[in-house]
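Everything below belongs to my_file15.tsv, which stores TSV, C-alpha atoms.
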```
chain	number	residue	atom	x	y	z
A	1	MET	CA	152.26	75.87	109.31
A	2	LEU	CA	149.54	78.20	110.65
A	3	LYS	CA	148.81	79.46	107.12
A	4	ARG	CA	148.42	75.87	105.89
A	5	ILE	CA	145.92	75.08	108.68
A	6	ARG	CA	143.95	78.26	107.92
A	7	ARG	CA	143.94	77.35	104.21
A	8	ARG	CA	142.59	73.87	104.96
A	9	LEU	CA	139.86	75.33	107.16
A	10	ARG	CA	138.96	78.08	104.72
A	11	THR	CA	138.76	76.00	101.54
A	12	PRO	CA	135.78	73.77	102.55
A	13	LEU	CA	133.94	76.86	103.81
A	14	GLN	CA	134.57	78.68	100.54
A	15	LYS	CA	133.29	75.66	98.60
A	16	ILE	CA	130.09	75.65	100.67
A	17	ILE	CA	129.62	79.41	100.29
A	18	HIS	CA	130.05	79.39	96.51
A	19	ASP	CA	128.00	76.24	95.91
A	20	SER	CA	124.46	77.07	94.74
A	21	ARG	CA	123.22	73.86	96.36
A	22	SER	CA	124.20	74.96	99.86
A	23	LEU	CA	121.82	77.92	99.97
A	24	GLY	CA	118.83	75.71	99.16
A	25	ILE	CA	119.85	73.32	101.93
A	26	ILE	CA	120.33	76.16	104.45
A	27	LEU	CA	116.95	77.73	103.60
A	28	THR	CA	115.25	74.34	103.94
A	29	LEU	CA	116.82	73.80	107.36
A	30	CYS	CA	115.83	77.33	108.46
A	31	THR	CA	112.24	76.68	107.37
A	32	LEU	CA	112.03	73.36	109.22
A	33	LEU	CA	113.62	74.90	112.34
A	34	SER	CA	111.25	77.87	112.27
A	35	LEU	CA	108.15	75.68	111.83
A	36	TRP	CA	109.28	73.44	114.69
A	37	LEU	CA	109.98	76.35	117.06
A	38	ALA	CA	106.67	78.08	116.20
A	39	ASN	CA	104.76	74.91	117.07
A	40	SER	CA	106.80	73.94	120.14
A	41	ASN	CA	106.39	74.86	123.80
A	42	TRP	CA	108.48	77.96	123.06
A	43	GLY	CA	106.17	79.02	120.23
A	44	GLN	CA	104.84	82.20	121.84
A	45	GLN	CA	108.32	83.43	122.76
A	46	TYR	CA	109.61	82.60	119.28
A	47	LEU	CA	106.75	84.43	117.53
A	48	GLY	CA	107.20	87.33	119.94
A	49	LEU	CA	110.83	87.64	118.85
A	50	TRP	CA	109.81	88.57	115.28
A	51	LEU	CA	106.73	90.61	116.23
A	52	ALA	CA	108.56	92.64	118.89
A	53	GLU	CA	107.91	96.36	118.54
A	54	THR	CA	110.78	98.70	117.69
A	55	HIS	CA	110.27	102.00	119.46
A	56	PHE	CA	111.14	105.02	117.34
A	57	PRO	CA	109.42	108.42	117.46
A	58	ASP	CA	106.30	108.38	115.28
A	59	VAL	CA	107.52	111.44	113.42
A	60	LEU	CA	110.29	109.33	111.81
A	61	HIS	CA	107.79	106.97	110.12
A	62	LEU	CA	110.03	103.88	110.33
A	63	PRO	CA	109.11	100.15	110.41
A	64	HIS	CA	107.51	99.29	113.74
A	65	SER	CA	108.49	95.66	114.32
A	66	VAL	CA	111.47	93.35	113.80
A	67	LEU	CA	109.54	91.50	111.06
A	68	HIS	CA	108.87	94.75	109.20
A	69	TRP	CA	112.56	95.74	109.39
A	70	ILE	CA	113.47	92.38	107.86
A	71	ASN	CA	110.89	92.56	105.07
A	72	ASP	CA	111.39	96.25	104.30
A	73	LEU	CA	115.11	96.90	104.83
A	74	LEU	CA	116.96	93.57	104.72
A	75	MET	CA	114.98	92.46	101.69
A	76	ALA	CA	115.82	95.77	99.99
A	77	ILE	CA	119.47	94.64	100.21
A	78	PHE	CA	118.46	91.32	98.64
A	79	PHE	CA	116.67	93.19	95.84
A	80	PHE	CA	119.78	95.34	95.39
A	81	LEU	CA	121.74	92.18	94.60
A	82	VAL	CA	118.99	90.92	92.30
A	83	GLY	CA	118.87	94.30	90.56
A	84	MET	CA	122.61	94.22	89.91
A	85	GLU	CA	122.30	90.71	88.44
A	86	ILE	CA	119.50	91.92	86.15
A	87	LYS	CA	121.49	94.96	85.00
A	88	ARG	CA	124.64	92.90	84.33
A	89	GLU	CA	122.66	90.34	82.31
A	90	LEU	CA	121.05	93.14	80.27
A	91	LEU	CA	124.35	94.89	79.58
A	92	ASP	CA	126.84	92.07	79.31
A	93	GLY	CA	125.15	88.69	79.71
A	94	GLU	CA	122.51	86.31	78.41
A	95	LEU	CA	119.95	89.08	77.96
A	96	LYS	CA	122.25	91.39	75.97
A	97	GLU	CA	121.33	89.97	72.54
A	98	MET	CA	117.61	90.05	71.85
A	99	LYS	CA	117.58	86.76	69.94
A	100	ARG	CA	119.22	84.93	72.84
A	101	ALA	CA	117.02	86.69	75.35
A	102	LEU	CA	113.66	86.12	73.65
A	103	LEU	CA	113.17	82.51	74.80
A	104	PRO	CA	113.65	83.13	78.56
A	105	ILE	CA	111.75	86.44	78.25
A	106	PHE	CA	108.71	84.76	76.70
A	107	GLY	CA	109.08	81.78	79.04
A	108	ALA	CA	109.09	84.11	82.06
A	109	ILE	CA	106.03	85.99	80.77
A	110	GLY	CA	104.16	82.70	80.29
A	111	GLY	CA	105.33	81.59	83.73
A	112	MET	CA	103.77	84.69	85.27
A	113	VAL	CA	100.57	85.08	83.24
A	114	VAL	CA	99.28	81.48	83.33
A	115	PRO	CA	99.78	80.96	87.13
A	116	ALA	CA	97.98	84.25	87.83
A	117	MET	CA	95.10	83.19	85.56
A	118	LEU	CA	94.81	79.78	87.25
A	119	TYR	CA	94.85	81.41	90.68
A	120	ASN	CA	92.05	83.76	89.64
A	121	LEU	CA	89.96	80.85	88.37
A	122	PHE	CA	89.79	79.62	91.97
A	123	ASN	CA	89.61	82.95	93.77
A	124	LYS	CA	87.71	85.43	91.60
A	125	GLY	CA	85.14	87.19	93.77
A	126	THR	CA	86.56	85.79	97.04
A	127	ALA	CA	88.46	87.44	99.90
A	128	TYR	CA	91.65	85.89	98.49
A	129	VAL	CA	91.56	87.57	95.07
A	130	GLY	CA	94.40	89.94	96.01
A	131	GLY	CA	96.87	87.04	96.18
A	132	TRP	CA	97.06	86.57	92.40
A	133	GLY	CA	100.75	87.59	92.44
A	134	ILE	CA	101.79	84.80	94.84
A	135	PRO	CA	102.20	81.97	92.25
A	136	MET	CA	103.91	84.23	89.70
A	137	ALA	CA	107.33	84.17	91.41
A	138	THR	CA	110.33	81.85	91.04
A	139	ASP	CA	112.96	81.42	93.75
A	140	ILE	CA	116.31	81.72	91.94
A	141	ALA	CA	118.40	80.15	94.72
A	142	PHE	CA	116.18	77.12	95.30
A	143	SER	CA	115.49	76.36	91.63
A	144	LEU	CA	119.17	76.60	90.68
A	145	GLY	CA	120.16	74.68	93.81
A	146	ILE	CA	117.96	71.72	92.83
A	147	ALA	CA	119.22	71.93	89.23
A	148	SER	CA	122.80	71.78	90.56
A	149	LEU	CA	121.99	68.77	92.74
A	150	LEU	CA	120.89	66.92	89.59
A	151	GLY	CA	124.36	67.37	88.10
A	152	LYS	CA	124.87	66.45	84.45
A	153	ARG	CA	121.20	65.61	83.97
A	154	VAL	CA	120.67	69.36	83.62
A	155	PRO	CA	122.87	70.67	80.76
A	156	VAL	CA	124.76	73.92	81.31
A	157	SER	CA	122.72	75.61	78.56
A	158	LEU	CA	119.51	74.68	80.41
A	159	LYS	CA	120.86	76.08	83.70
A	160	ILE	CA	121.67	79.32	81.88
A	161	PHE	CA	118.11	79.39	80.51
A	162	LEU	CA	116.69	78.82	84.01
A	163	THR	CA	118.91	81.57	85.45
A	164	ALA	CA	117.83	84.07	82.78
A	165	LEU	CA	114.17	83.07	83.17
A	166	ALA	CA	114.30	83.45	86.97
A	167	ILE	CA	116.00	86.86	86.69
A	168	ILE	CA	113.33	88.14	84.25
A	169	ASP	CA	110.68	86.60	86.52
A	170	ASP	CA	112.12	88.60	89.44
A	171	LEU	CA	112.05	91.77	87.33
A	172	GLY	CA	108.36	91.14	86.66
A	173	ALA	CA	107.74	90.49	90.37
A	174	ILE	CA	109.54	93.73	91.30
A	175	ALA	CA	107.40	95.71	88.83
A	176	MET	CA	104.26	94.03	90.18
A	177	ILE	CA	105.20	94.84	93.78
A	178	ALA	CA	105.87	98.47	92.85
A	179	ILE	CA	102.58	98.90	90.97
A	180	PHE	CA	100.06	96.71	92.78
A	181	TYR	CA	101.36	96.00	96.29
A	182	GLY	CA	102.33	99.45	97.51
A	183	GLY	CA	100.22	101.76	99.63
A	184	HIS	CA	98.63	105.15	99.06
A	185	ILE	CA	101.09	107.29	97.05
A	186	GLN	CA	102.73	110.16	98.93
A	187	TRP	CA	103.81	112.39	96.06
A	188	GLY	CA	106.27	114.48	98.10
A	189	TYR	CA	108.30	111.43	99.12
A	190	LEU	CA	108.01	109.97	95.62
A	191	GLY	CA	109.36	113.20	94.10
A	192	ALA	CA	112.23	113.21	96.62
A	193	SER	CA	112.97	109.56	95.70
A	194	LEU	CA	113.24	110.41	91.99
A	195	ALA	CA	115.45	113.44	92.69
A	196	LEU	CA	117.77	111.36	94.90
A	197	LEU	CA	117.88	108.63	92.27
A	198	ALA	CA	119.02	111.15	89.66
A	199	VAL	CA	121.71	112.52	92.01
A	200	ILE	CA	123.02	109.02	92.82
A	201	TYR	CA	123.03	108.09	89.12
A	202	PHE	CA	125.12	111.13	88.12
A	203	MET	CA	127.45	110.52	91.09
A	204	GLY	CA	128.06	107.04	89.72
A	205	LYS	CA	128.77	108.50	86.28
A	206	LYS	CA	131.30	110.89	87.84
A	207	GLN	CA	132.83	108.04	89.91
A	208	TRP	CA	132.04	109.52	93.32
A	209	PRO	CA	133.15	107.29	96.24
A	210	LEU	CA	130.83	104.35	96.73
A	211	PHE	CA	130.34	104.96	100.47
A	212	ILE	CA	128.77	108.38	99.75
A	213	ARG	CA	126.35	106.81	97.26
A	214	VAL	CA	125.50	104.07	99.79
A	215	ILE	CA	124.64	106.70	102.42
A	216	LEU	CA	122.36	108.42	99.92
A	217	ALA	CA	120.88	105.02	99.02
A	218	PHE	CA	119.66	104.64	102.62
A	219	VAL	CA	118.03	108.08	102.33
A	220	LEU	CA	116.50	106.86	99.05
A	221	TRP	CA	115.18	103.77	100.86
A	222	TYR	CA	113.61	105.98	103.54
A	223	CYS	CA	111.87	108.14	100.93
A	224	VAL	CA	110.62	105.13	98.96
A	225	PHE	CA	109.44	103.49	102.22
A	226	ASN	CA	107.30	106.54	102.97
A	227	SER	CA	106.17	107.13	99.37
A	228	GLY	CA	103.65	104.27	99.22
A	229	VAL	CA	105.81	102.25	96.80
A	230	HIS	CA	107.18	99.17	98.54
A	231	ALA	CA	110.55	99.91	100.16
A	232	THR	CA	112.35	96.98	98.52
A	233	VAL	CA	112.03	98.72	95.14
A	234	ALA	CA	114.68	101.16	96.41
A	235	GLY	CA	117.22	98.34	96.27
A	236	VAL	CA	116.53	97.74	92.58
A	237	LEU	CA	116.57	101.47	91.76
A	238	PHE	CA	119.96	101.86	93.45
A	239	ALA	CA	121.29	98.79	91.63
A	240	PHE	CA	120.48	100.35	88.27
A	241	THR	CA	122.65	103.39	89.13
A	242	ILE	CA	125.77	101.22	89.64
A	243	PRO	CA	128.23	101.49	86.70
A	244	LEU	CA	128.92	98.22	84.87
A	245	LYS	CA	132.56	98.05	85.97
A	246	GLU	CA	131.48	98.06	89.65
A	247	LEU	CA	128.76	95.41	89.31
A	248	VAL	CA	130.86	92.23	89.44
A	249	HIS	CA	132.89	93.45	92.42
A	250	LEU	CA	129.79	94.45	94.39
A	251	GLU	CA	127.98	91.21	93.54
A	252	HIS	CA	130.89	89.21	94.92
A	253	ARG	CA	131.00	91.38	98.05
A	254	LEU	CA	127.26	90.94	98.70
A	255	HIS	CA	126.89	87.30	97.67
A	256	VAL	CA	127.81	85.86	101.07
A	257	PRO	CA	125.99	88.28	103.43
A	258	VAL	CA	122.79	88.28	101.32
A	259	ASN	CA	122.57	84.56	100.59
A	260	PHE	CA	123.86	83.30	103.93
A	261	LEU	CA	122.56	85.95	106.33
A	262	VAL	CA	119.71	88.01	104.85
A	263	LEU	CA	117.81	85.14	103.21
A	264	PRO	CA	118.12	82.70	106.15
A	265	ILE	CA	116.88	85.44	108.53
A	266	PHE	CA	113.99	86.10	106.12
A	267	ALA	CA	113.17	82.37	106.04
A	268	LEU	CA	113.26	82.08	109.84
A	269	ALA	CA	111.07	85.15	110.36
A	270	ASN	CA	108.50	84.49	107.63
A	271	THR	CA	107.97	80.76	108.14
A	272	ALA	CA	107.20	81.12	111.85
A	273	ILE	CA	103.75	79.64	111.22
A	274	VAL	CA	101.53	78.05	113.87
A	275	LEU	CA	100.04	75.06	112.08
A	276	PRO	CA	96.31	74.50	112.69
A	277	ASP	CA	95.22	71.27	114.40
A	278	ASP	CA	93.18	70.30	111.34
A	279	ILE	CA	95.83	71.17	108.75
A	280	MET	CA	94.16	69.19	105.96
A	281	GLY	CA	90.90	71.05	106.57
A	282	ALA	CA	92.76	74.36	106.57
A	283	LEU	CA	94.35	73.53	103.22
A	284	GLN	CA	90.96	72.91	101.64
A	285	SER	CA	90.44	76.51	100.59
A	286	THR	CA	90.42	78.26	97.23
A	287	LEU	CA	93.50	80.20	98.38
A	288	ASN	CA	95.64	77.07	98.57
A	289	TYR	CA	94.03	75.49	95.51
A	290	GLY	CA	94.97	78.61	93.55
A	291	ILE	CA	98.57	78.66	94.82
A	292	LEU	CA	99.08	74.95	94.18
A	293	ALA	CA	97.51	75.13	90.71
A	294	GLY	CA	99.51	78.25	89.85
A	295	LEU	CA	102.95	77.06	90.95
A	296	VAL	CA	102.71	73.34	90.21
A	297	ILE	CA	100.66	73.43	86.97
A	298	GLY	CA	100.64	77.03	85.77
A	299	LYS	CA	104.41	77.59	85.90
A	300	PRO	CA	105.52	74.68	83.65
A	301	LEU	CA	102.44	75.05	81.42
A	302	GLY	CA	102.97	78.78	80.87
A	303	ILE	CA	106.72	78.45	80.28
A	304	LEU	CA	106.34	75.53	77.84
A	305	LEU	CA	103.40	77.05	75.97
A	306	PHE	CA	105.01	80.45	75.39
A	307	CYS	CA	108.40	78.92	74.49
A	308	TYR	CA	106.78	76.42	72.11
A	309	VAL	CA	104.90	79.19	70.27
A	310	LEU	CA	108.10	81.24	69.99
A	311	VAL	CA	110.07	78.29	68.57
A	312	ARG	CA	107.26	77.36	66.13
A	313	LEU	CA	107.18	80.95	64.85
A	314	GLY	CA	110.93	80.76	64.27
A	315	TRP	CA	111.65	83.66	66.62
A	316	GLY	CA	113.59	81.51	69.10
A	317	LYS	CA	115.26	78.15	69.51
A	318	LEU	CA	115.80	75.73	72.34
A	319	PRO	CA	119.06	75.87	74.32
A	320	THR	CA	121.85	73.70	72.92
A	321	HIS	CA	121.31	69.91	73.31
A	322	VAL	CA	118.05	70.44	75.24
A	323	THR	CA	114.82	68.50	74.68
A	324	TRP	CA	111.23	69.54	75.36
A	325	MET	CA	111.03	67.07	78.25
A	326	GLU	CA	114.03	68.74	79.86
A	327	MET	CA	112.33	72.09	79.33
A	328	ALA	CA	109.26	70.65	81.09
A	329	GLY	CA	111.44	69.57	84.04
A	330	VAL	CA	112.99	73.03	84.37
A	331	GLY	CA	109.51	74.55	84.07
A	332	MET	CA	108.49	72.46	87.07
A	333	LEU	CA	111.54	73.66	89.04
A	334	ALA	CA	110.49	77.23	88.22
A	335	GLY	CA	107.39	76.48	90.31
A	336	ILE	CA	109.56	76.68	93.45
A	337	GLY	CA	108.20	80.00	94.69
A	338	PHE	CA	109.51	80.03	98.28
A	339	THR	CA	111.27	83.35	99.07
A	340	MET	CA	109.51	85.56	96.53
A	341	SER	CA	106.09	83.90	96.88
A	342	ILE	CA	106.21	84.10	100.69
A	343	PHE	CA	107.27	87.73	100.41
A	344	ILE	CA	104.33	88.55	98.10
A	345	SER	CA	102.00	86.68	100.50
A	346	MET	CA	102.98	89.17	103.20
A	347	LEU	CA	102.15	92.07	100.87
A	348	ALA	CA	98.93	90.62	99.46
A	349	PHE	CA	97.16	90.07	102.80
A	350	SER	CA	97.08	92.12	105.98
A	351	ASP	CA	95.31	89.37	107.96
A	352	PRO	CA	97.97	87.13	109.65
A	353	SER	CA	95.75	84.04	109.30
A	354	LYS	CA	95.55	84.54	105.53
A	355	GLN	CA	99.29	85.17	105.38
A	356	ASP	CA	99.99	81.91	107.23
A	357	ALA	CA	97.54	79.95	105.05
A	358	ALA	CA	99.20	81.34	101.92
A	359	LYS	CA	102.68	80.50	103.25
A	360	ILE	CA	101.65	76.89	103.91
A	361	GLY	CA	100.32	76.69	100.35
A	362	VAL	CA	103.59	78.09	99.00
A	363	LEU	CA	105.67	75.58	100.99
A	364	LEU	CA	103.57	72.62	99.78
A	365	ALA	CA	103.57	73.84	96.19
A	366	SER	CA	107.34	74.42	96.25
A	367	LEU	CA	107.90	70.91	97.68
A	368	ALA	CA	105.71	69.43	94.93
A	369	ALA	CA	107.63	71.42	92.30
A	370	VAL	CA	110.95	70.09	93.64
A	371	VAL	CA	109.75	66.46	93.56
A	372	LEU	CA	108.11	66.63	90.12
A	373	GLY	CA	110.94	68.61	88.53
A	374	ALA	CA	113.63	66.33	89.99
A	375	ILE	CA	111.82	63.15	88.88
A	376	THR	CA	111.28	64.50	85.35
A	377	LEU	CA	114.91	65.54	84.94
A	378	ARG	CA	116.21	62.32	86.51
A	379	ILE	CA	114.25	60.24	83.99
A	380	TRP	CA	114.57	62.39	80.86
A	381	GLY	CA	117.71	64.36	81.66
A	382	SER	CA	120.78	64.30	79.41
A	383	ASN	CA	122.65	61.73	81.51
A	384	SER	CA	119.73	59.39	82.29
A	385	GLU	CA	120.58	55.75	82.19
```

Would you put the structure from the file into structure tokens?
Amino acid sequence: MLKRIRRRLRTPLQKIIHDSRSLGIILTLCTLLSLWLANSNWGQQYLGLWLAETHFPDVLHLPHSVLHWINDLLMAIFFFLVGMEIKRELLDGELKEMKRALLPIFGAIGGMVVPAMLYNLFNKGTAYVGGWGIPMATDIAFSLGIASLLGKRVPVSLKIFLTALAIIDDLGAIAMIAIFYGGHIQWGYLGASLALLAVIYFMGKKQWPLFIRVILAFVLWYCVFNSGVHATVAGVLFAFTIPLKELVHLEHRLHVPVNFLVLPIFALANTAIVLPDDIMGALQSTLNYGILAGLVIGKPLGILLFCYVLVRLGWGKLPTHVTWMEMAGVGMLAGIGFTMSIFISMLAFSDPSKQDAAKIGVLLASLAAVVLGAITLRIWGSNSE
């Protein structure tokens, strides 16, 4: 009897946890809650929670606030999961065969290049020029969550295309963070990082216990954190040392804590934005024009343009039973930047006011991408009536 009750309680929870729609809903609620708290009578206490200093001896060179621990360590765990997904797709998934991978690869490249170009059109020569990477990113969870909410109007083959595109997009974002958004390179720490990476890789080959490799992965994170390369890259590097046979098991183990703990905490901490009294006036800046143009226009335009050229050249073909209008709708959903775009906003600007302005632009652009993508797919989707 007790087992039956536990089973009844557990099954709905498991359905929520494994439903891609639920994460989008949770992140939306976290964002709304965080914005409300930041602008309420408890705003100062709420902001102080994330900005609270963590007191470690200076000699250790560790993150110095709760927000930095979230963005440097917790997000490294998120990038570890993303890195494993990328490796599995490359070795045994949609990206294994070059012909099948070319369309999402070219689509992702177009979806990064065109938004960055549009952003620069608005911000070249301004104090905001460093934010060109903000509209390049796609939020996998949100975009797939909205696609799932639309049900049969988004064919399975199109969801697979969107997944592959978002994964490649993340790989591009990771490379961009490593190259352009790090600090001054500390070659000693960088050398130690590479040596540790080699040791962990060969340990994986020799099937050393995972817990030993995880301990060394934290040392790797510490070295990368102090090397000038952004600390989250350590998560991806560690992911690429995991043998293929361990990937699926680890992904399942990390799916729940990353998607339902790490990302909600990230959303709460990084959307604690005090909205200006004249919000419309604050939005009238080249920074927000560039983000909106990049995510809402540049994303679908770049994805469609690069995919169309590839198909016309005969080097690729559309997913099964998918039309160009459906591709346009998915391109719009790819403009949901959210997690990755907000994260890059934190790296692009050191001034909190610029960070907050960029975050507001990302939230508005992501909302517009949701509405436009959903409307397009509702009207021209496979099951439209």

* **Gap from CA of Gly182 in chain A to CA of Val229 in chain A - Å, one decimal** =>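 The value is 4.5 Å.
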
* Report the distance between CA of Asp356 in chain A and CA of Ala52 in chain A in Å, rounded to one decimal place. => 18.0 Å

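Of the listed residues (A:Tyr289, A:Ile242, A:Met332, A:Gly373), A:Tyr289 comes nearest to Tyr128 in chain A; the distances count all atoms listed in the file.
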
* Considering all atoms listed in the file, return as a list in words whatever protein or nucleic-acid residues lie within 9 Å of Pro243 in chain A, sequence-local ones (same chain, fewer than 2 positions apart) excluded. =>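 The residues that qualify are Tyr201, Gly204, Lys205, Gln207, Ala239, Phe240, Thr241, Lys245, Glu246 and Leu247 of chain A.
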
* To do: Kindly indicate which residue among A:Trp132, A:Phe142, A:Trp380, A:Phe218 lies nearest to Val113 in chain A, using all atoms listed in the file for the distances.
  =>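 Going through A:Trp132, A:Phe142, A:Trp380, A:Phe218 one by one, the smallest distance to Val113 in chain A is for A:Trp132.
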
* To do: For CA of Ala178 in chain A and CA of Ala369 in chain A, quote the distance in Å rounded to one decimal.
  =>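 Taking CA of Ala178 in chain A and CA of Ala369 in chain A, their separation equals 27.1 Å.
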
* Asked: Which is closer to Leu216 in chain A than all the others in A:Gly235, A:Gly133, A:Gly302, A:Gly93, using all atoms listed in the file?
  -> A:Gly235

* To do: Give the answer as one residue: which of A:Gly381, A:Phe225, A:Thr31, A:Leu287 has the shortest atom-to-atom distance to Leu60 in chain A, using all atoms listed in the file?
  =>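 Ranking A:Gly381, A:Phe225, A:Thr31, A:Leu287 by distance to Leu60 in chain A, first place goes to A:Phe225.
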
* In the coordinate frame of the file, compute which residues have an atom within 9 Å of (116.3, 91.8, 101.2) when using all atoms listed in the file, and state them as a VMD selection string. => chain A and resid 70 to 81 232 235 258 262 to 263 266

Box for range 133-136 of chain A - axis-aligned, 3 Å on each of the six sides, all listed atoms - centre and size in Å to one decimal, as JSON.
```
{"center_x": 102.3, "center_y": 84.8, "center_z": 92.3, "size_x": 9.2, "size_y": 11.6, "size_z": 11.1}
```

* Closest to Leu237 in chain A among A:Leu51, A:Leu103, A:Ala198, A:Ala141, using all atoms listed in the file? ->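 Once distances to Leu237 in chain A are computed over all atoms listed in the file, the minimum belongs to A:Ala198.
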
* To do: Using all atoms listed in the file, determine which residues lie at most 8 Å from Val154 in chain A, disregarding the query and same-chain residues fewer than 5 positions distant; provide the list as a ChimeraX atom specification.
  => /A:147-148,159,326,377,381-382

* Asked: Please, which residues are within 12 Å of (124.3, 70.3, 73.7) by the file's coordinates, counting all atoms listed in the file, and could they come as number ranges by chain?
  -> A: 152-158, 318-323, 381-383

Grab the residues selected above and save them as a PDB file, in the frame of the given file with C-alpha atoms.
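Okay, this is what ended up in out04.pdb:
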```pdb
ATOM      1  CA  LYS A 152     124.870  66.450  84.450  1.00  0.00           C
ATOM      2  CA  ARG A 153     121.200  65.610  83.970  1.00  0.00           C
ATOM      3  CA  VAL A 154     120.670  69.360  83.620  1.00  0.00           C
ATOM      4  CA  PRO A 155     122.870  70.670  80.760  1.00  0.00           C
ATOM      5  CA  VAL A 156     124.760  73.920  81.310  1.00  0.00           C
ATOM      6  CA  SER A 157     122.720  75.610  78.560  1.00  0.00           C
ATOM      7  CA  LEU A 158     119.510  74.680  80.410  1.00  0.00           C
ATOM      8  CA  LEU A 318     115.800  75.730  72.340  1.00  0.00           C
ATOM      9  CA  PRO A 319     119.060  75.870  74.320  1.00  0.00           C
ATOM     10  CA  THR A 320     121.850  73.700  72.920  1.00  0.00           C
ATOM     11  CA  HIS A 321     121.310  69.910  73.310  1.00  0.00           C
ATOM     12  CA  VAL A 322     118.050  70.440  75.240  1.00  0.00           C
ATOM     13  CA  THR A 323     114.820  68.500  74.680  1.00  0.00           C
ATOM     14  CA  GLY A 381     117.710  64.360  81.660  1.00  0.00           C
ATOM     15  CA  SER A 382     120.780  64.300  79.410  1.00  0.00           C
ATOM     16  CA  ASN A 383     122.650  61.730  81.510  1.00  0.00           C
TER      17      ASN A 383
END
```
